[in-house]
Amino acid sequence: MIYQAPVKDLRFVLNELAELTAVCGLPGYGECSAELVDAVLEEAAKFAEGVLAPINKEGDKGAKWRDGEVTPAPGFKDAWRQYVEAGWSGLRAPEEYGGQGMPALVAAAVEEMWCSANLAFSLAPLLTLGAVEALHHHASDELKAIYLPKMSAGEWTGTMNLTEPQAGSDLAQVRAKALPAGDGSYRISGQKIFITWGEHDMAENIVHLVLARLPDAPAGVKGISLFVVPKFLVNADGSLGARNDVRCVSLEHKLGIHGSPTAVMSFGDNDGAVGYLVGETNKGLSYMFTMMNHARLGVGIEGMAVSERAYQKAVEYARDRVQSRAVGSPDPAGVPIIRHPDVRRMLMTMRAQIEAQRALTLFTAAALDRAARHPVASEAARNQALLNFLIPIVKGWNTEQANEIASLAIQVHGGMGYVEETGVAQYYRDARITAIYEGTTGIQALDLVGRKTASEGGVTARALLEETKATAARLQAAGFASLGGNLQTAAVEAERCVDFILQSFGAQPQLAAAGSVPFLKLMGIVLGGWQLGRAALIARQKLADGDLDADFLEAKIVTARFYGEHLLPQVSGLAAAITQGADSVLALPESQF
């Protein structure tokens, strides 16, 4: 299958829903314009379709480990060379360190194409960008000068080293040690697991960001510091020196994303790995949270992007596969299965969710830009609250639904979907991790109900739902009866759930926690419907104004209508589970499981 980047839909969402022109007008984005972004999208599509997508299936054979060295999957090293030479590594990197400093909104649209074309490959630039973000915000000027130009250029890659065998998401259990060396550096020792792209030979150097504890550090998360630990030490003139005391001792054997090596890293087996403190001591976790919104947004993009790839594969197969007569037809001849109603239902279920997720994700990326750069402090703060609220939804809803959408793609293929040779099973396997890493869906949901809803009295949630109801009213006035009516009902149900969370969280937080994942899904469905409702109204107006791309705009309206009639009604069931079902989640004695 040849991947086709959804440039037209990306362009529509960027310009019509995410307000690209306004984002480009923010301070510091002087070179950004709709015309420039159009050219970026076109070139990114060519790279995704022509370079990354063709090696995706080959990448499924996996990277190879031998004696501490990792050889990437076939074609990956050359693809990285082309990626760097084309300047893609610097798209969102700071201009003062050689990057292009483009808005997060633009980068998010491009990242979707990388992730759809080749999820395993896309993780290397994603992690590098995250490391660049952390260093840019918190490292000393000296460390920035040494590492950021090379990382922004893609000559060096970056990793995050958080998790340890005894400490999964509970970073309070981190045991890696950092001992002062007396010369301003530290000696790092310990083991880290699940390190994406922790070892490879695509770039000259790998810059590991490592969480570790100093000897006198307080217990728990308050005692974690952040260190730069390069694979190769860097000489005073910027050239690479000796190999540091850090090794990849094995690679994980995973369900999917085989092209992305997931390393077990050992630091300090001999004299101690040389590391350099980032910022102040004991503030490592807060520094990592600087990049967390970017990383979680990135993983949400991954989930949506894999869904897009699985959808395209399913549509291709449904057009080609001839089986059974058409329902209600007297003609016994078989027809392409795309003509069968249930196949259409599955394809529309996939398509509608992907379009809703794309719109909500890019809307969120625009909030990230406004929070960082808006010149009016109150607007920056409002967008920061909006971003904080939306990030767990984008991360959790996009990735949970990626599992369903990739599964539907297999279902469309029937028995052939269960055969690896058809290729669709890879998307199902690749998608599964997205709902786990950067915080499982349960962690995202607890964050949503606790820090992002209860802690601020539901202010942001209610503001979004008021906008949703206003859009529902406009839809009803414009003749979109089912979409507008169902969106209105869904928003009211969501408000009822917000009330329940606010009432229960303080006195009985377990009740709110029991319905937290259903609440996350509910908010994803409602806010996705809000975005598709906005899209339908814009499409209708464009048609009235004589826009020549009538087929695309009509498809927007039909897709929104399907979403309203098939997906928004799920909200009522989720709301019942949230507000009435908490007790039954907790009722069975532990011994009975």
# chains A, B, ... in the order shown; residues from 1 in each chain; ligands from 1
call {"tool": "residues_around", "arguments": {"residues": "Gln426 of chain A", "least_positions_apart": "5", "cutoff": "8 Å", "atoms": "only C-alpha atoms", "output": "NGL selection string"}}
result
:A and (57 or 60 or 256 or 420)
call {"tool": "write_last_selection", "arguments": {"atoms": "C-alpha atoms", "output": "mmCIF file, in the first residue's frame"}}
result
data_model
loop_
_atom_site.group_PDB
_atom_site.id
_atom_site.type_symbol
_atom_site.label_atom_id
_atom_site.label_comp_id
_atom_site.auth_asym_id
_atom_site.auth_seq_id
_atom_site.Cartn_x
_atom_site.Cartn_y
_atom_site.Cartn_z
ATOM 1 C CA LYS A 57 7.099 -2.857 6.583
ATOM 2 C CA ASP A 60 8.828 -4.410 11.240
ATOM 3 C CA GLY A 256 5.041 -3.869 17.795
ATOM 4 C CA GLU A 420 0.832 -10.773 8.461
#
call {"tool": "residues_around", "arguments": {"residues": "Pro509 of chain A", "least_positions_apart": "6", "cutoff": "12 Å", "atoms": "only C-alpha atoms", "output": "ChimeraX atom specification"}}
result
/A:446,449-450,454,500-503,515-516,582-583
call {"tool": "write_last_selection", "arguments": {"atoms": "C-alpha atoms", "output": "PDB file, in the first residue's frame"}}
result
ATOM      1  CA  LEU A 446      -6.642  10.591  36.979  1.00  0.00           C
ATOM      2  CA  VAL A 449     -10.310  14.479  36.918  1.00  0.00           C
ATOM      3  CA  GLY A 450      -7.895  15.584  39.643  1.00  0.00           C
ATOM      4  CA  ALA A 454     -11.430  19.179  40.400  1.00  0.00           C
ATOM      5  CA  PHE A 500     -20.360  14.610  39.884  1.00  0.00           C
ATOM      6  CA  ILE A 501     -16.549  14.803  39.870  1.00  0.00           C
ATOM      7  CA  LEU A 502     -16.557  18.104  41.747  1.00  0.00           C
ATOM      8  CA  GLN A 503     -19.002  16.776  44.331  1.00  0.00           C
ATOM      9  CA  GLY A 515     -15.136   6.716  36.395  1.00  0.00           C
ATOM     10  CA  SER A 516     -12.065   8.646  35.305  1.00  0.00           C
ATOM     11  CA  ALA A 582     -18.622   3.950  40.719  1.00  0.00           C
ATOM     12  CA  ASP A 583     -19.832   1.802  43.612  1.00  0.00           C
TER      13      ASP A 583
END
call {"tool": "closest_residue", "arguments": {"among": "A:Pro149, A:Gly50, A:Gly68, A:Gly300", "to": "Glu95 of chain A", "atoms": "only C-alpha atoms"}}
result
A:Pro149
call {"tool": "closest_residue", "arguments": {"among": "A:Phe121, A:Trp88, A:Tyr428, A:Phe47", "to": "Ala63 of chain A", "atoms": "only C-alpha atoms"}}
result
A:Phe121
call {"tool": "residues_around", "arguments": {"residues": "Ala295 of chain A", "least_positions_apart": "5", "cutoff": "8 Å", "atoms": "only C-alpha atoms", "output": "list in words"}}
result
Leu126, Leu127, Gly130 and Glu438 of chain A
call {"tool": "closest_residue", "arguments": {"among": "A:Phe12, A:Tyr186, A:Tyr311, A:Phe194", "to": "Ala109 of chain A", "atoms": "only C-alpha atoms"}}
result
A:Phe12
call {"tool": "closest_residue", "arguments": {"among": "A:Met102, A:Ile443, A:Ala513, A:Ala463", "to": "Cys24 of chain A", "atoms": "only C-alpha atoms"}}
result
A:Met102
call {"tool": "closest_residue", "arguments": {"among": "A:Leu347, A:Leu148, A:Ala352, A:Ala445", "to": "Lys556 of chain A", "atoms": "only C-alpha atoms"}}
result
A:Ala352
call {"tool": "closest_residue", "arguments": {"among": "A:Ser33, A:Gln312, A:Ser378, A:Ser89", "to": "Val106 of chain A", "atoms": "only C-alpha atoms"}}
result
A:Ser33
call {"tool": "decode", "arguments": {"residues": "segment 107-198 of chain A", "atoms": "C-alpha atoms", "output": "compact mmCIF listing (two decimals), in the first residue's frame"}}
result
# COMPACT_ATOMS: atom_id res chain seq x y z
CA ALA A 107 5.11 20.74 13.64
CA ALA A 108 2.15 18.69 14.87
CA ALA A 109 0.70 18.51 11.37
CA VAL A 110 4.04 17.38 9.97
CA GLU A 111 4.57 14.89 12.81
CA GLU A 112 1.28 13.23 11.93
CA MET A 113 2.68 12.41 8.49
CA TRP A 114 5.91 10.99 9.95
CA CYS A 115 3.95 8.85 12.40
CA SER A 116 1.49 7.57 9.81
CA ALA A 117 4.23 6.76 7.32
CA ASN A 118 6.56 5.05 9.79
CA LEU A 119 5.75 5.14 13.50
CA ALA A 120 8.94 3.38 14.57
CA PHE A 121 11.16 5.88 12.73
CA SER A 122 9.18 8.89 13.98
CA LEU A 123 10.01 8.12 17.60
CA ALA A 124 13.67 9.11 17.13
CA PRO A 125 12.91 12.75 16.20
CA LEU A 126 10.10 12.90 18.77
CA LEU A 127 12.44 11.95 21.63
CA THR A 128 15.17 14.23 20.32
CA LEU A 129 12.80 17.17 20.22
CA GLY A 130 11.69 16.41 23.77
CA ALA A 131 15.28 16.44 24.96
CA VAL A 132 15.89 19.71 23.11
CA GLU A 133 12.85 21.24 24.87
CA ALA A 134 14.10 20.21 28.31
CA LEU A 135 17.62 21.51 27.74
CA HIS A 136 16.43 24.72 26.14
CA HIS A 137 14.25 25.57 29.14
CA HIS A 138 16.44 24.38 32.01
CA ALA A 139 20.08 23.74 31.10
CA SER A 140 22.94 26.18 31.63
CA ASP A 141 24.09 28.31 28.71
CA GLU A 142 27.25 26.18 28.56
CA LEU A 143 25.30 22.92 28.15
CA LYS A 144 22.98 24.52 25.63
CA ALA A 145 25.92 25.70 23.54
CA ILE A 146 27.46 22.23 23.54
CA TYR A 147 24.40 20.11 22.82
CA LEU A 148 21.55 22.08 21.26
CA PRO A 149 23.09 23.00 17.88
CA LYS A 150 24.01 19.38 17.14
CA MET A 151 20.67 18.05 18.37
CA SER A 152 18.69 20.69 16.48
CA ALA A 153 20.58 19.72 13.32
CA GLY A 154 19.86 16.02 13.85
CA GLU A 155 23.56 15.19 14.02
CA TRP A 156 22.98 13.96 17.58
CA THR A 157 19.76 12.36 18.88
CA GLY A 158 18.24 12.48 22.35
CA THR A 159 16.52 10.12 24.78
CA MET A 160 14.62 10.21 28.06
CA ASN A 161 15.82 7.81 30.77
CA LEU A 162 13.15 7.71 33.46
CA THR A 163 11.90 4.18 34.07
CA GLU A 164 13.73 1.54 36.11
CA PRO A 165 12.87 -2.14 36.69
CA GLN A 166 11.34 -1.47 40.11
CA ALA A 167 9.83 1.91 39.16
CA GLY A 168 7.35 1.99 36.31
CA SER A 169 5.27 5.16 36.34
CA ASP A 170 6.06 5.68 40.04
CA LEU A 171 9.21 7.78 39.68
CA ALA A 172 9.43 8.20 43.44
CA GLN A 173 11.09 4.76 43.33
CA VAL A 174 13.98 5.85 41.09
CA ARG A 175 17.30 4.48 42.45
CA ALA A 176 19.89 5.56 39.86
CA LYS A 177 22.73 7.38 41.64
CA ALA A 178 24.70 10.52 40.88
CA LEU A 179 27.94 11.16 42.75
CA PRO A 180 29.76 14.52 42.50
CA ALA A 181 33.13 14.05 40.78
CA GLY A 182 34.69 17.23 42.16
CA ASP A 183 35.14 18.87 38.75
CA GLY A 184 31.57 20.00 38.20
CA SER A 185 30.52 16.71 36.63
CA TYR A 186 28.88 13.68 38.21
CA ARG A 187 29.27 9.92 37.98
CA ILE A 188 25.99 8.24 37.12
CA SER A 189 25.24 4.60 37.91
CA GLY A 190 22.13 2.45 37.61
CA GLN A 191 19.89 0.79 35.08
CA LYS A 192 17.09 2.25 32.97
CA ILE A 193 14.55 0.29 30.96
CA PHE A 194 12.17 0.98 28.05
CA ILE A 195 14.54 3.57 26.53
CA THR A 196 13.28 4.32 23.05
CA TRP A 197 16.12 4.65 20.52
CA GLY A 198 18.55 4.29 23.45
